[in-house]
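S.K.: File name input_18.cif; file contents mmCIF, C-alpha atoms; full text below.
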data_data
loop_
_atom_site.label_atom_id
_atom_site.label_comp_id
_atom_site.auth_asym_id
_atom_site.auth_seq_id
_atom_site.Cartn_x
_atom_site.Cartn_y
_atom_site.Cartn_z
CA MET A 1 4.70 -6.12 -40.19
CA ALA A 2 1.13 -6.91 -41.29
CA THR A 3 -1.09 -8.88 -38.93
CA VAL A 4 -3.61 -11.19 -40.57
CA ARG A 5 -7.22 -10.95 -39.44
CA SER A 6 -6.62 -8.86 -36.37
CA ALA A 7 -7.23 -5.26 -35.46
CA PRO A 8 -4.36 -2.80 -35.26
CA LYS A 9 -2.09 -3.09 -32.26
CA ASN A 10 -3.57 -0.03 -30.59
CA ILE A 11 -7.16 -1.32 -30.87
CA HIS A 12 -7.40 -3.48 -27.77
CA ARG A 13 -8.86 -6.96 -27.94
CA ARG A 14 -9.14 -9.32 -25.00
CA PRO A 15 -5.74 -11.07 -24.59
CA ASN A 16 -5.28 -14.75 -25.43
CA ILE A 17 -8.67 -15.03 -27.12
CA SER A 18 -8.62 -15.66 -30.87
CA TYR A 19 -10.80 -13.43 -32.99
CA GLN A 20 -14.03 -15.09 -34.13
CA ASP A 21 -15.72 -13.35 -37.04
CA PRO A 22 -19.48 -13.21 -36.35
CA GLY A 23 -20.14 -11.91 -39.83
CA LEU A 24 -21.43 -8.52 -40.85
CA ASN A 25 -24.63 -7.41 -39.16
CA PRO A 26 -27.30 -8.08 -41.84
CA GLN A 27 -29.29 -5.07 -40.64
CA LEU A 28 -26.51 -2.60 -41.46
CA ARG A 29 -27.32 -0.33 -44.38
CA ILE A 30 -24.40 0.10 -46.76
CA ALA A 31 -24.06 2.81 -49.40
CA PHE A 32 -21.52 3.00 -52.20
CA ILE A 33 -20.54 6.28 -53.76
CA GLY A 34 -19.43 5.11 -57.16
CA GLY A 35 -20.63 2.02 -58.98
CA GLY A 36 -17.56 0.77 -60.84
CA ASN A 37 -15.84 -2.61 -60.90
CA MET A 38 -14.64 -2.66 -57.30
CA ALA A 39 -18.00 -1.51 -55.94
CA SER A 40 -19.70 -4.23 -57.98
CA ALA A 41 -17.25 -6.83 -56.67
CA ILE A 42 -17.93 -5.91 -53.05
CA ILE A 43 -21.70 -5.84 -53.63
CA ARG A 44 -21.50 -9.30 -55.20
CA GLY A 45 -19.62 -10.58 -52.16
CA LEU A 46 -22.04 -9.00 -49.70
CA ILE A 47 -25.09 -10.51 -51.40
CA LYS A 48 -23.36 -13.89 -51.69
CA HIS A 49 -22.83 -13.76 -47.91
CA GLY A 50 -26.51 -13.11 -47.32
CA HIS A 51 -26.69 -9.32 -47.11
CA ARG A 52 -30.06 -8.14 -48.41
CA SER A 53 -29.95 -6.10 -51.61
CA ALA A 54 -32.58 -3.80 -50.09
CA HIS A 55 -29.95 -2.76 -47.52
CA ILE A 56 -27.50 -1.67 -50.23
CA LEU A 57 -27.60 1.69 -52.02
CA VAL A 58 -25.34 2.85 -54.85
CA CYS A 59 -25.02 6.53 -55.74
CA ALA A 60 -23.77 7.04 -59.28
CA PRO A 61 -24.28 9.91 -61.75
CA SER A 62 -24.64 7.64 -64.79
CA GLN A 63 -28.08 6.27 -65.58
CA ARG A 64 -26.41 3.43 -67.46
CA THR A 65 -24.41 2.45 -64.34
CA ARG A 66 -27.49 2.63 -62.13
CA SER A 67 -29.52 0.50 -64.51
CA ARG A 68 -26.76 -2.11 -64.68
CA LEU A 69 -26.56 -2.34 -60.90
CA VAL A 70 -30.30 -2.75 -60.54
CA GLN A 71 -30.29 -5.44 -63.23
CA ASP A 72 -27.28 -7.29 -61.78
CA PHE A 73 -27.98 -7.02 -58.04
CA ASN A 74 -31.46 -5.50 -57.54
CA VAL A 75 -29.93 -2.90 -55.19
CA ARG A 76 -31.25 0.58 -54.51
CA VAL A 77 -29.72 3.35 -56.64
CA HIS A 78 -29.67 7.14 -56.60
CA SER A 79 -28.06 9.90 -58.64
CA ASP A 80 -27.41 12.15 -55.62
CA ASN A 81 -24.54 11.32 -53.24
CA SER A 82 -26.39 12.96 -50.34
CA ALA A 83 -28.81 10.02 -50.37
CA ALA A 84 -26.00 7.86 -48.97
CA VAL A 85 -25.87 9.86 -45.73
CA ALA A 86 -29.61 9.57 -45.11
CA PHE A 87 -29.67 5.86 -45.96
CA ALA A 88 -26.53 4.19 -44.69
CA ASP A 89 -24.67 3.15 -41.54
CA ILE A 90 -21.55 2.50 -43.63
CA ILE A 91 -20.53 4.56 -46.67
CA ILE A 92 -17.91 3.21 -49.07
CA LEU A 93 -16.04 5.77 -51.16
CA ALA A 94 -15.54 3.85 -54.39
CA VAL A 95 -14.73 6.71 -56.76
CA LYS A 96 -11.45 7.68 -58.40
CA PRO A 97 -8.93 9.24 -55.97
CA PHE A 98 -9.16 12.76 -57.40
CA ILE A 99 -12.95 12.75 -56.85
CA VAL A 100 -12.77 11.76 -53.16
CA PRO A 101 -12.04 15.32 -51.86
CA LEU A 102 -14.99 16.65 -53.89
CA VAL A 103 -17.29 13.99 -52.43
CA CYS A 104 -16.08 14.73 -48.90
CA ASP A 105 -16.75 18.45 -49.38
CA GLU A 106 -20.23 17.58 -50.63
CA LEU A 107 -21.05 15.25 -47.74
CA ARG A 108 -19.38 17.14 -44.89
CA PRO A 109 -22.35 19.39 -43.96
CA LEU A 110 -24.73 16.42 -43.99
CA LEU A 111 -22.41 14.16 -41.98
CA GLY A 112 -21.97 16.86 -39.34
CA GLN A 113 -25.67 17.46 -38.75
CA VAL A 114 -26.95 17.14 -35.19
CA ASN A 115 -30.22 15.31 -34.49
CA ASN A 116 -31.90 15.34 -31.06
CA GLY A 117 -28.88 17.00 -29.50
CA ARG A 118 -26.31 14.51 -30.81
CA SER A 119 -24.48 13.93 -34.06
CA GLU A 120 -24.94 10.55 -35.70
CA GLN A 121 -21.76 8.51 -36.08
CA LYS A 122 -21.05 7.11 -39.54
CA LEU A 123 -18.38 4.73 -40.77
CA LEU A 124 -16.69 5.66 -44.05
CA ILE A 125 -14.43 3.21 -45.88
CA SER A 126 -12.21 4.65 -48.60
CA ILE A 127 -10.91 2.27 -51.26
CA ALA A 128 -9.18 5.04 -53.21
CA ALA A 129 -5.53 4.28 -53.95
CA GLY A 130 -2.88 6.76 -52.88
CA LEU A 131 -4.93 8.86 -50.45
CA THR A 132 -3.80 8.97 -46.83
CA HIS A 133 -6.10 8.69 -43.85
CA ALA A 134 -5.24 12.25 -42.79
CA SER A 135 -5.89 13.75 -46.23
CA ILE A 136 -9.42 12.34 -46.22
CA SER A 137 -10.31 12.74 -42.54
CA ASP A 138 -9.28 16.42 -42.64
CA LYS A 139 -12.24 16.97 -44.96
CA LEU A 140 -14.73 15.16 -42.72
CA PRO A 141 -16.45 16.15 -39.45
CA GLN A 142 -15.10 14.65 -36.22
CA ASN A 143 -18.06 12.31 -35.70
CA VAL A 144 -17.11 10.29 -38.80
CA GLN A 145 -15.10 7.07 -38.39
CA LEU A 146 -12.77 6.52 -41.38
CA VAL A 147 -11.01 3.34 -42.51
CA CYS A 148 -8.63 3.26 -45.48
CA ALA A 149 -8.79 0.02 -47.45
CA MET A 150 -6.85 -1.33 -50.43
CA PRO A 151 -8.59 -4.34 -52.04
CA ASN A 152 -7.10 -6.14 -55.03
CA LEU A 153 -8.65 -7.46 -58.25
CA PRO A 154 -9.49 -11.02 -57.08
CA THR A 155 -12.06 -9.35 -54.82
CA ALA A 156 -14.29 -9.69 -57.89
CA ILE A 157 -14.46 -13.47 -57.37
CA GLY A 158 -14.38 -13.45 -53.57
CA LYS A 159 -10.66 -14.30 -53.41
CA GLY A 160 -9.33 -10.84 -52.68
CA LEU A 161 -6.84 -9.49 -50.19
CA THR A 162 -7.59 -6.12 -48.58
CA GLY A 163 -5.08 -4.06 -46.63
CA LEU A 164 -6.76 -1.99 -43.90
CA TYR A 165 -5.48 0.94 -41.88
CA VAL A 166 -6.89 3.11 -39.09
CA PRO A 167 -5.24 5.32 -36.47
CA GLY A 168 -5.56 4.34 -32.82
CA HIS A 169 -8.64 6.39 -31.97
CA LEU A 170 -11.13 4.48 -34.10
CA ASP A 171 -14.09 2.84 -32.39
CA ARG A 172 -13.85 -0.94 -31.89
CA GLN A 173 -17.22 -1.56 -33.54
CA ALA A 174 -16.16 0.42 -36.60
CA VAL A 175 -13.00 -1.71 -36.85
CA ASP A 176 -15.03 -4.92 -36.67
CA ASP A 177 -17.61 -3.71 -39.20
CA ALA A 178 -14.90 -2.70 -41.69
CA GLU A 179 -13.14 -6.05 -41.34
CA GLN A 180 -16.31 -8.12 -41.66
CA LEU A 181 -17.43 -6.14 -44.70
CA MET A 182 -14.16 -6.61 -46.57
CA ARG A 183 -13.96 -10.28 -45.58
CA ALA A 184 -17.12 -10.81 -47.60
CA VAL A 185 -14.83 -10.62 -50.66
CA GLY A 186 -11.66 -12.32 -49.39
CA ASP A 187 -9.15 -12.00 -46.57
CA THR A 188 -7.79 -8.96 -44.74
CA VAL A 189 -4.55 -7.69 -43.26
CA TRP A 190 -4.40 -4.82 -40.78
CA LEU A 191 -1.43 -2.50 -41.12
CA GLU A 192 0.30 -1.04 -38.07
CA ASP A 193 1.76 1.83 -40.10
CA GLU A 194 0.04 3.59 -43.00
CA GLN A 195 3.37 3.69 -44.84
CA GLN A 196 2.96 -0.08 -45.27
CA MET A 197 0.03 0.56 -47.62
CA ALA A 198 2.54 1.10 -50.45
CA SER A 199 3.88 -2.41 -49.83
CA ILE A 200 0.35 -3.82 -49.88
CA VAL A 201 -0.13 -2.15 -53.27
CA ALA A 202 3.09 -3.76 -54.53
CA THR A 203 2.44 -7.15 -52.93
CA ALA A 204 -1.31 -7.56 -53.41
CA GLY A 205 -2.86 -4.67 -55.32
CA SER A 206 -0.57 -4.86 -58.35
CA SER A 207 0.48 -8.49 -58.07
CA PRO A 208 -2.33 -10.12 -60.08
CA ALA A 209 -0.75 -8.44 -63.11
CA TYR A 210 2.64 -9.96 -62.23
CA PHE A 211 1.16 -13.45 -62.17
CA PHE A 212 -0.80 -12.86 -65.37
CA LEU A 213 2.41 -11.68 -67.05
CA PHE A 214 4.36 -14.74 -65.88
CA LEU A 215 1.59 -17.13 -66.94
CA GLU A 216 1.34 -15.36 -70.29
CA ALA A 217 5.08 -15.86 -70.83
CA MET A 218 4.76 -19.57 -69.96
CA GLU A 219 1.83 -19.95 -72.34
CA LYS A 220 3.78 -18.30 -75.19
CA ALA A 221 6.77 -20.55 -74.55
CA ALA A 222 4.58 -23.68 -74.51
CA ILE A 223 2.98 -22.71 -77.82
CA ALA A 224 6.43 -22.03 -79.29
CA GLN A 225 7.45 -25.56 -78.21
CA GLY A 226 4.54 -26.98 -80.20
CA LEU A 227 1.55 -27.23 -77.83
CA PRO A 228 -1.84 -26.12 -79.22
CA ALA A 229 -2.94 -22.81 -77.70
CA LYS A 230 -5.86 -24.33 -75.74
CA THR A 231 -3.67 -27.09 -74.35
CA ALA A 232 -0.95 -24.63 -73.38
CA SER A 233 -3.46 -22.37 -71.63
CA LYS A 234 -5.04 -25.26 -69.72
CA ALA A 235 -1.68 -26.68 -68.68
CA VAL A 236 -0.42 -23.31 -67.42
CA LEU A 237 -3.57 -22.28 -65.56
CA GLN A 238 -4.25 -25.64 -63.94
CA SER A 239 -0.64 -25.91 -62.84
CA ALA A 240 -0.88 -22.44 -61.26
CA ILE A 241 -4.06 -23.42 -59.41
CA GLY A 242 -2.41 -26.60 -58.18
CA ALA A 243 0.76 -24.86 -57.00
CA VAL A 244 -1.13 -22.13 -55.14
CA SER A 245 -3.50 -24.67 -53.57
CA MET A 246 -0.54 -26.75 -52.36
CA ALA A 247 1.13 -23.68 -50.90
CA MET A 248 -2.05 -22.60 -49.11
CA ALA A 249 -2.60 -26.08 -47.65
CA SER A 250 1.02 -26.70 -46.64
CA LYS A 251 2.80 -25.68 -43.45
CA GLU A 252 6.07 -25.66 -45.39
CA GLY A 253 7.56 -22.38 -46.54
CA LEU A 254 7.65 -21.52 -50.23
CA ALA A 255 11.37 -22.23 -50.51
CA ASN A 256 10.93 -25.72 -49.02
CA LEU A 257 8.06 -26.49 -51.38
CA ARG A 258 10.22 -25.45 -54.33
CA HIS A 259 13.06 -27.70 -53.19
CA GLN A 260 10.65 -30.65 -52.88
CA VAL A 261 9.72 -30.28 -56.57
CA THR A 262 13.30 -29.70 -57.74
CA SER A 263 15.10 -33.02 -58.17
CA PRO A 264 18.90 -32.78 -58.58
CA LYS A 265 19.91 -32.75 -62.27
CA GLY A 266 16.25 -32.99 -63.30
CA THR A 267 14.13 -30.88 -65.65
CA THR A 268 12.83 -28.55 -62.94
CA GLU A 269 16.32 -27.82 -61.69
CA GLN A 270 17.36 -26.72 -65.18
CA ALA A 271 14.39 -24.34 -65.41
CA VAL A 272 15.00 -22.93 -61.92
CA LEU A 273 18.71 -22.40 -62.69
CA ALA A 274 17.75 -20.46 -65.82
CA PHE A 275 15.54 -18.17 -63.72
CA GLN A 276 18.28 -17.73 -61.14
CA HIS A 277 20.95 -17.00 -63.76
CA GLY A 278 18.61 -14.29 -65.06
CA ASP A 279 18.49 -12.87 -61.50
CA LEU A 280 14.74 -13.32 -61.08
CA ASP A 281 14.87 -12.23 -57.41
CA ALA A 282 16.41 -8.88 -58.31
CA LEU A 283 13.97 -8.34 -61.18
CA VAL A 284 10.95 -9.02 -58.94
CA ALA A 285 12.38 -6.74 -56.24
CA ARG A 286 12.85 -3.92 -58.77
CA ALA A 287 9.31 -4.34 -60.07
CA MET A 288 7.79 -4.29 -56.57
CA ASP A 289 9.95 -1.32 -55.56
CA SER A 290 8.66 0.53 -58.61
CA ALA A 291 5.06 -0.19 -57.66
CA ALA A 292 5.59 0.84 -54.02
CA ARG A 293 7.43 4.02 -55.06
CA ARG A 294 4.57 5.01 -57.37
CA ALA A 295 2.03 4.36 -54.59
CA LYS A 296 3.97 6.71 -52.30
CA GLU A 297 4.11 9.35 -55.04
CA LEU A 298 0.34 9.16 -55.44
CA ALA A 299 -0.09 9.51 -51.67
CA LEU A 300 1.94 12.73 -51.76
CA GLY A 301 -0.27 14.10 -54.54
#
Represent the supplied structure as C-alpha cells.
M.R.:
Amino acid sequence: MATVRSAPKNIHRRPNISYQDPGLNPQLRIAFIGGGNMASAIIRGLIKHGHRSAHILVCAPSQRTRSRLVQDFNVRVHSDNSAAVAFADIIILAVKPFIVPLVCDELRPLLGQVNNGRSEQKLLISIAAGLTHASISDKLPQNVQLVCAMPNLPTAIGKGLTGLYVPGHLDRQAVDDAEQLMRAVGDTVWLEDEQQMASIVATAGSSPAYFFLFLEAMEKAAIAQGLPAKTASKAVLQSAIGAVSMAMASKEGLANLRHQVTSPKGTTEQAVLAFQHGDLDALVARAMDSAARRAKELALG
C-alpha cells in the first residue's frame, strides 16, 4: 500500500506529528545527467519554487541540448558527466535506462574518492524506468545514497505524481531531500515494497495516455454527432477538468460521486450502462495489468 507524503515505514519519523515540508534547501547544488524532457520538467519546477539556476548543472553530450537549457533556464551546463560529482550535492540520473549502468561505471571512482580522511556522501536520484534499486546501487560506492523515483508526464506542468522507493538504510536527510525535490513538480507517494513500482507505472506513469485516449474517443464521438471540432474539444477538456477538480475537492469516493451524477433513467445512466455492458472495468484492468507486466519485464532486463 502506498503512503502519500510520508517516508517509508522503516525510516522513523517522530510519532503522532504530521510531516511539514520545509521546502528544498535553496543552497543545495543539483546536477542532472541528461537534459531531456523529464530533466527539463524538474528544472522548471525547481526554478518556479525559487531554486537558483546558478545552483543547477546539466551534463549532456549534445551542444544543441546544452544551448537549449541555457536559453530556457539559464542553468550551468557541461559536456562531461564527471562535472556533476564536483559540483552537486544531489545528482539526478535522467538518462535512458540502458545508459544508467554506463554512467554509474563512469562516476564510481569519483564518487568513492576520499577527501581529508573521509568520503563525501552524495544523494543520487534515478528516474530511469525499469531499473531496480539493487541493480543501480551495486554499481555505486557505499557512501552514495540512492533513491529510485518514477515521475509521470504531468510533472512538466507541476502536476506530476512521483513514486519513490528506498531500502531501510537510507539516511533521513536524503529521504527528505528527495521528497522535497520531487514535490517541486507535483505530489509524491513512498512505496513500502519496490515491487509496487510496477503498479505506479501502470497507475500514474502510463495513465496520462489512458486519459488522453478516452478524451480523444469522446471528442471523436462528439464531432460525429455534429459538434464543430473546437467546440467538441473544449467541451471534453473542460468537463474533464471539472470532474477531476470535483473529485480532488470532495471527501466522497469516486463511486459515490458517479452515483450523484447518474439520475435514474436519465442520459448519464444510459451512457454508464453502455460502458458497463462493454465491461469497462475488465478492459481497464487488462490494460493496467499489461503496463505493470511490461514494467516488471524491464526491471528483469
S.K.: Between CA of Ala41 in chain A and CA of Asp289 in chain A, what is the distance in Å, rounded to a tenth?
M.R.: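 Between CA of Ala41 in chain A and CA of Asp289 in chain A the gap works out to 27.8 Å.
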S.K.: Could you tell me, as a VMD selection string, exactly which residues end up selected when the PyMOL selection byres ((chain A and resi 90) around 9) is applied to this structure?
M.R.: chain A and resid 28 to 32 84 to 85 88 to 89 91 to 92 122 to 125 177 to 178
S.K.: Any idea what the distance is between CA of Thr132 in chain A and CA of Val58 in chain A?
M.R.: 23.8 Å
S.K.: Given the choices A:Val261, A:Ala299, A:Ala156, A:Ala222, which gets closest to Val236 in chain A if the distance is worked out from all atoms listed in the file?
M.R.: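 Once distances to Val236 in chain A are computed over all atoms listed in the file, the minimum belongs to A:Ala222.
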S.K.: Up to 12 Å from (1.8, 1.7, -47.8) in the file's coordinates: name the residues, counting only C-alpha atoms, as a ChimeraX atom specification.
M.R.: /A:1-2,129-133,148-150,163-165,190-205,289,291-300
S.K.: Give me, as a ChimeraX atom specification, all polymer residues having an atom no more than 6 Å from Ala94 in chain A, counting all atoms listed in the file and skipping those fewer than 6 positions away in the same chain.
M.R.: /A:33-34,127
S.K.: Using the incomplete input, complete range 32-60 of chain A to the level of N, CA and C atoms; output as a PDB file, in the frame of the given file.
M.R.:
ATOM      1  N   PHE A  32     -22.718   2.822 -51.378  1.00  0.00           N
ATOM      2  CA  PHE A  32     -21.520   3.000 -52.200  1.00  0.00           C
ATOM      3  C   PHE A  32     -21.645   4.311 -52.951  1.00  0.00           C
ATOM      4  N   ILE A  33     -20.606   5.110 -52.900  1.00  0.00           N
ATOM      5  CA  ILE A  33     -20.540   6.280 -53.760  1.00  0.00           C
ATOM      6  C   ILE A  33     -19.584   5.926 -54.884  1.00  0.00           C
ATOM      7  N   GLY A  34     -20.165   5.662 -56.030  1.00  0.00           N
ATOM      8  CA  GLY A  34     -19.430   5.110 -57.160  1.00  0.00           C
ATOM      9  C   GLY A  34     -19.875   3.680 -57.397  1.00  0.00           C
ATOM     10  N   GLY A  35     -20.106   3.347 -58.662  1.00  0.00           N
ATOM     11  CA  GLY A  35     -20.630   2.020 -58.980  1.00  0.00           C
ATOM     12  C   GLY A  35     -19.780   1.256 -59.986  1.00  0.00           C
ATOM     13  N   GLY A  36     -18.459   1.428 -59.899  1.00  0.00           N
ATOM     14  CA  GLY A  36     -17.560   0.770 -60.840  1.00  0.00           C
ATOM     15  C   GLY A  36     -17.270  -0.678 -60.491  1.00  0.00           C
ATOM     16  N   ASN A  37     -16.157  -1.185 -61.039  1.00  0.00           N
ATOM     17  CA  ASN A  37     -15.840  -2.610 -60.900  1.00  0.00           C
ATOM     18  C   ASN A  37     -15.634  -3.045 -59.458  1.00  0.00           C
ATOM     19  N   MET A  38     -14.903  -2.252 -58.670  1.00  0.00           N
ATOM     20  CA  MET A  38     -14.640  -2.660 -57.300  1.00  0.00           C
ATOM     21  C   MET A  38     -15.901  -2.604 -56.454  1.00  0.00           C
ATOM     22  N   ALA A  39     -16.724  -1.568 -56.660  1.00  0.00           N
ATOM     23  CA  ALA A  39     -18.000  -1.510 -55.940  1.00  0.00           C
ATOM     24  C   ALA A  39     -18.850  -2.718 -56.277  1.00  0.00           C
ATOM     25  N   SER A  40     -18.909  -3.066 -57.556  1.00  0.00           N
ATOM     26  CA  SER A  40     -19.700  -4.230 -57.980  1.00  0.00           C
ATOM     27  C   SER A  40     -19.170  -5.510 -57.358  1.00  0.00           C
ATOM     28  N   ALA A  41     -17.847  -5.633 -57.266  1.00  0.00           N
ATOM     29  CA  ALA A  41     -17.250  -6.830 -56.670  1.00  0.00           C
ATOM     30  C   ALA A  41     -17.631  -6.967 -55.207  1.00  0.00           C
ATOM     31  N   ILE A  42     -17.586  -5.860 -54.473  1.00  0.00           N
ATOM     32  CA  ILE A  42     -17.930  -5.910 -53.050  1.00  0.00           C
ATOM     33  C   ILE A  42     -19.415  -6.195 -52.873  1.00  0.00           C
ATOM     34  N   ILE A  43     -20.252  -5.578 -53.697  1.00  0.00           N
ATOM     35  CA  ILE A  43     -21.700  -5.840 -53.630  1.00  0.00           C
ATOM     36  C   ILE A  43     -21.982  -7.308 -53.886  1.00  0.00           C
ATOM     37  N   ARG A  44     -21.312  -7.876 -54.884  1.00  0.00           N
ATOM     38  CA  ARG A  44     -21.500  -9.300 -55.200  1.00  0.00           C
ATOM     39  C   ARG A  44     -21.149 -10.159 -53.987  1.00  0.00           C
ATOM     40  N   GLY A  45     -20.031  -9.824 -53.337  1.00  0.00           N
ATOM     41  CA  GLY A  45     -19.620 -10.580 -52.160  1.00  0.00           C
ATOM     42  C   GLY A  45     -20.588 -10.438 -51.013  1.00  0.00           C
ATOM     43  N   LEU A  46     -21.086  -9.229 -50.787  1.00  0.00           N
ATOM     44  CA  LEU A  46     -22.040  -9.000 -49.700  1.00  0.00           C
ATOM     45  C   LEU A  46     -23.315  -9.819 -49.907  1.00  0.00           C
ATOM     46  N   ILE A  47     -23.843  -9.779 -51.112  1.00  0.00           N
ATOM     47  CA  ILE A  47     -25.090 -10.510 -51.400  1.00  0.00           C
ATOM     48  C   ILE A  47     -24.853 -12.013 -51.304  1.00  0.00           C
ATOM     49  N   LYS A  48     -23.699 -12.463 -51.786  1.00  0.00           N
ATOM     50  CA  LYS A  48     -23.360 -13.890 -51.690  1.00  0.00           C
ATOM     51  C   LYS A  48     -23.317 -14.335 -50.234  1.00  0.00           C
ATOM     52  N   HIS A  49     -22.897 -13.442 -49.339  1.00  0.00           N
ATOM     53  CA  HIS A  49     -22.830 -13.760 -47.910  1.00  0.00           C
ATOM     54  C   HIS A  49     -24.134 -13.474 -47.189  1.00  0.00           C
ATOM     55  N   GLY A  50     -25.196 -13.204 -47.929  1.00  0.00           N
ATOM     56  CA  GLY A  50     -26.510 -13.110 -47.320  1.00  0.00           C
ATOM     57  C   GLY A  50     -26.995 -11.710 -47.002  1.00  0.00           C
ATOM     58  N   HIS A  51     -26.229 -10.681 -47.367  1.00  0.00           N
ATOM     59  CA  HIS A  51     -26.690  -9.320 -47.110  1.00  0.00           C
ATOM     60  C   HIS A  51     -27.817  -8.979 -48.084  1.00  0.00           C
ATOM     61  N   ARG A  52     -28.882  -8.426 -47.572  1.00  0.00           N
ATOM     62  CA  ARG A  52     -30.060  -8.140 -48.410  1.00  0.00           C
ATOM     63  C   ARG A  52     -29.758  -6.987 -49.367  1.00  0.00           C
ATOM     64  N   SER A  53     -30.164  -7.152 -50.615  1.00  0.00           N
ATOM     65  CA  SER A  53     -29.950  -6.100 -51.610  1.00  0.00           C
ATOM     66  C   SER A  53     -30.712  -4.830 -51.243  1.00  0.00           C
ATOM     67  N   ALA A  54     -31.811  -4.976 -50.505  1.00  0.00           N
ATOM     68  CA  ALA A  54     -32.580  -3.800 -50.090  1.00  0.00           C
ATOM     69  C   ALA A  54     -31.819  -2.942 -49.091  1.00  0.00           C
ATOM     70  N   HIS A  55     -30.761  -3.498 -48.478  1.00  0.00           N
ATOM     71  CA  HIS A  55     -29.950  -2.760 -47.520  1.00  0.00           C
ATOM     72  C   HIS A  55     -28.689  -2.204 -48.163  1.00  0.00           C
ATOM     73  N   ILE A  56     -28.651  -2.191 -49.495  1.00  0.00           N
ATOM     74  CA  ILE A  56     -27.500  -1.670 -50.230  1.00  0.00           C
ATOM     75  C   ILE A  56     -27.976  -0.574 -51.182  1.00  0.00           C
ATOM     76  N   LEU A  57     -27.309   0.562 -51.127  1.00  0.00           N
ATOM     77  CA  LEU A  57     -27.600   1.690 -52.020  1.00  0.00           C
ATOM     78  C   LEU A  57     -26.336   2.059 -52.769  1.00  0.00           C
ATOM     79  N   VAL A  58     -26.477   2.359 -54.057  1.00  0.00           N
ATOM     80  CA  VAL A  58     -25.340   2.850 -54.850  1.00  0.00           C
ATOM     81  C   VAL A  58     -25.699   4.206 -55.422  1.00  0.00           C
ATOM     82  N   CYS A  59     -24.847   5.196 -55.157  1.00  0.00           N
ATOM     83  CA  CYS A  59     -25.020   6.530 -55.740  1.00  0.00           C
ATOM     84  C   CYS A  59     -24.048   6.674 -56.904  1.00  0.00           C
ATOM     85  N   ALA A  60     -24.595   6.913 -58.071  1.00  0.00           N
ATOM     86  CA  ALA A  60     -23.770   7.040 -59.280  1.00  0.00           C
ATOM     87  C   ALA A  60     -24.442   8.029 -60.226  1.00  0.00           C
TER      88      ALA A  60
END
